[in-house]
Amino acid sequence: MIAIVDYGMGNLRNVQKAVERAGGQALITDDPTVLKAARSIILPGVGAFGDAMQNLRERRLIAPLREESAKGKPLLGICLGMQLLFEESEEMGVHPGLGLLPGRVVHLASLMKEHPAWEPSPLRVPHIGWNQLHIHRLAPLLAGIPDRSYAYFAHSYCVLPTDRSIVLTTTDYGVEFVSMIGCGNLFGVQFHPEKSQEVGRRVLSNFVHLSEAWGGSQR
Amino acid sequence: MLAKRIIPCLDVKDGRVVKGIHFCELRDAGDPVEQARVYDAEGADELVFLDITASHERRDIVADMVRRVADEISIPFTVGGGLRTVEDIRAILMAGADKVSINTAAVLRPELITEAARRFGSQCIVVAIDAKRVTERDLQPSRPGRAEGLPPVTWEVYTHGGRTPTGRDAVAWAQEAEARGAGEILLTSMDCDGTQDGYDLELTRAVASAVSIPVIASGGAGHPEHFYQVLTEGLASAALAASLFHYRQLRIADLKAYLAARGVPIRQTI
């Protein structure tokens, strides 16, 4: 069973249904004992970074998430959930994240400004719509997903991992930003697999398989 | 590269589609899930459901419809029509809609945009603007806004389904909506709507140049060329159409093939 972390940041039923369509079973929960019992964890989320961390803190979920990830349990962050895996975000002030991966979360516009080739251009933020995944490194999470497949994005911030070797895919939006990461048992997708038709279904079904493999190895 | 989006719009009343696909193979033409499935399979990038329910029980009915669609469909969808409060918006988002579109309520109380964006994030707040080109007759001093000495308008914002002129300028209103946290503008040209003579390129371009959030163009689609024009010259990020798709005058798959052949970035499905 996959635990979908409920911390008051958006509708989670869409994610649950998408996991079921991908062949897995998922439970929406804010109970640390369920996180412990689960084979893997999905951390979804839309909204603001600071609010998200505040909600995780209030529900006493930060320590359990860190502990389960330290055990090697597969953890998939979706959109804001992916950003929360990193050390800090600049969204409306500087907020510390879960710090499971080294790196920061920055606004797309500031990424554009930092980019040496950046020229003021009519790039629109939020980045909303279908954009392509450029595969940098093959990984089980990408099985069956062709290079340049389209996935659905809706975000204004993106991650800047310190260790570039964790980058699985990037996406071109005037600047190149990181759209998928994988580092041991930690995974993140900036797009919404639950809204990305077949591409999303394959990502989730690959995660279901990773979860089963890990769950099996624990027995 | 970010793809330009093609978005069919469906009118729903009491949880049933009243203006949707006229397609003999549909078992139940009023079922939103069935309608959404057809468009999903044909390559629609998103869907818009416009609720025209008048009854008092609307919220529960709409939320139930949203839940059924969200459970079955894996492309994003927006729900609009009659949303007045943050609580209305919350109910629709919690039922599984990806975005809400607000129109009249945002004009009457612009703080609604700010509050909703702060609470749910800009990415799910679409501000819909119905705009009509101002004519000489409209400039009479008795018109709303004229008496208050508001600056002259080129395209005027209308509310209440296009019935009420507001005296507001569409470009200025789009900018205010953006500043208040709107994530997208759904821009309908009342002059072009229903004509099938093409989108209002001038209006779309004026609004899209004035804001840095995506603009969805609406009103006037009748031919693949019209989509090409509004997505290039018109600077729109997405193009919406209703009857053209509903009556099968144009299939989304054919439209996307046409646009891709003309060099517009379009999503291909795997």
# chains A, B, ... in the order shown; residues from 1 in each chain; ligands from 1
>>> closest_atom_pairs(of="chain B", to="chain A", cutoff="10 Å", atoms="only C-alpha atoms", output="CSV")
residue,atom,partner,partner_atom,distance
B:Met1,CA,A:Asp172,CA,5.4
B:Leu2,CA,A:Asn131,CA,4.4
B:Ala3,CA,A:Trp130,CA,5.5
B:Lys4,CA,A:Gly129,CA,7.7
B:Arg5,CA,A:Gly129,CA,7.0
B:Asp40,CA,A:Gln197,CA,8.6
B:Ala41,CA,A:Gln197,CA,9.6
B:Gly43,CA,A:Gln197,CA,9.9
B:Asp45,CA,A:Trp130,CA,7.6
B:Glu46,CA,A:Gly129,CA,8.7
B:Arg67,CA,A:Arg13,CA,9.0
B:Ala70,CA,A:Asn14,CA,6.4
B:Asp71,CA,A:Lys17,CA,6.1
B:Glu72,CA,A:Lys17,CA,8.0
B:Ile73,CA,A:Lys195,CA,7.9
B:Ser74,CA,A:Lys195,CA,4.5
B:Ile75,CA,A:Lys195,CA,4.6
B:Pro76,CA,A:Lys195,CA,5.6
B:Phe77,CA,A:Lys195,CA,9.2
B:Arg90,CA,A:Gly10,CA,9.3
B:Ile92,CA,A:Asn11,CA,9.9
B:Leu93,CA,A:Asn11,CA,6.8
B:Met94,CA,A:Asn11,CA,5.1
B:Ala95,CA,A:Asn11,CA,7.2
B:Gly96,CA,A:Asn11,CA,5.9
B:Ala97,CA,A:Asn11,CA,8.5
B:Asp98,CA,A:Asn11,CA,8.8
B:Ala117,CA,A:Gly47,CA,8.9
B:Arg118,CA,A:Ala48,CA,8.1
B:Arg119,CA,A:Gly47,CA,7.3
B:Phe120,CA,A:Gly47,CA,5.5
B:Gly121,CA,A:Gly47,CA,4.7
B:Ser122,CA,A:Pro126,CA,7.5
B:Gln123,CA,A:Ala154,CA,5.9
B:Cys124,CA,A:Ala154,CA,8.3
B:Ala182,CA,A:Pro126,CA,9.5
B:Gly183,CA,A:Pro126,CA,6.2
B:Glu184,CA,A:Pro126,CA,8.2
B:Ala208,CA,A:Pro122,CA,9.3
B:Ser209,CA,A:Pro122,CA,8.1
B:Val211,CA,A:Arg124,CA,8.4
B:Ser212,CA,A:Arg124,CA,4.9
B:Ile213,CA,A:Arg124,CA,4.9
B:Pro214,CA,A:Arg124,CA,6.0
B:Val215,CA,A:Arg124,CA,9.4
B:Leu235,CA,A:Pro122,CA,9.6
B:Ser237,CA,A:Gly129,CA,8.7
B:Ala238,CA,A:Gly129,CA,8.9
B:Pro265,CA,A:Asn131,CA,9.5
B:Ile266,CA,A:Trp130,CA,8.6
B:Arg267,CA,A:Tyr150,CA,6.3
B:Gln268,CA,A:Tyr150,CA,7.3
B:Thr269,CA,A:Tyr150,CA,7.4
B:Ile270,CA,A:Glu198,CA,6.9
>>> select_by_dssp(residues="segment 24-179 of chain A", states="helix (DSSP H, G or I)", output="ChimeraX atom specification")
/A:32-37,49-58,62-70,80-84,108-114,140-142,164-166
>>> select_by_dssp(residues="segment 91-234 of chain B", states="strand (DSSP E)", output="PyMOL selection string")
chain B and resi 99-102+125-133+155-159+164-169+184-189+215-218
>>> write_last_selection(atoms="C-alpha atoms", output="compact mmCIF listing (two decimals), in the first residue's frame")
# COMPACT_ATOMS: atom_id res chain seq x y z
CA LYS B 99 -8.84 25.31 -11.65
CA VAL B 100 -11.81 27.56 -11.18
CA SER B 101 -12.83 30.41 -13.39
CA ILE B 102 -14.37 33.51 -11.84
CA ILE B 125 -7.40 30.84 -10.32
CA VAL B 126 -8.55 31.75 -13.81
CA VAL B 127 -10.17 35.16 -14.26
CA ALA B 128 -12.67 35.11 -17.12
CA ILE B 129 -13.22 38.39 -18.94
CA ASP B 130 -16.08 39.01 -21.37
CA ALA B 131 -15.07 42.01 -23.48
CA LYS B 132 -16.83 44.03 -26.12
CA ARG B 133 -15.41 46.73 -28.36
CA TRP B 155 -12.86 47.01 -25.02
CA GLU B 156 -15.37 47.12 -22.19
CA VAL B 157 -15.77 44.39 -19.57
CA TYR B 158 -19.27 42.91 -19.26
CA THR B 159 -20.55 40.77 -16.39
CA THR B 164 -24.13 44.08 -17.75
CA PRO B 165 -21.63 46.68 -18.99
CA THR B 166 -19.19 47.77 -16.29
CA GLY B 167 -17.33 50.74 -17.77
CA ARG B 168 -14.09 48.91 -17.08
CA ASP B 169 -11.39 48.54 -19.69
CA GLU B 184 -4.58 32.85 -16.22
CA ILE B 185 -7.00 35.04 -18.15
CA LEU B 186 -9.84 33.44 -20.09
CA LEU B 187 -10.66 36.16 -22.59
CA THR B 188 -13.91 36.04 -24.55
CA SER B 189 -14.64 38.48 -27.34
CA VAL B 215 -4.18 34.13 -21.93
CA ILE B 216 -6.79 31.68 -23.21
CA ALA B 217 -8.55 33.10 -26.26
CA SER B 218 -12.26 32.45 -26.70
>>> residues_around(residues="Ile2 of chain A", least_positions_apart="5", cutoff="12 Å", atoms="only C-alpha atoms", output="ChimeraX atom specification")
/A:15-16,19-20,23-29,34-43,73-76,204-205,207-212,214-215
>>> atom_distance(atom1="atom CA of Ala105 of chain B", atom2="atom CA of Ile6 of chain B")
26.2 Å
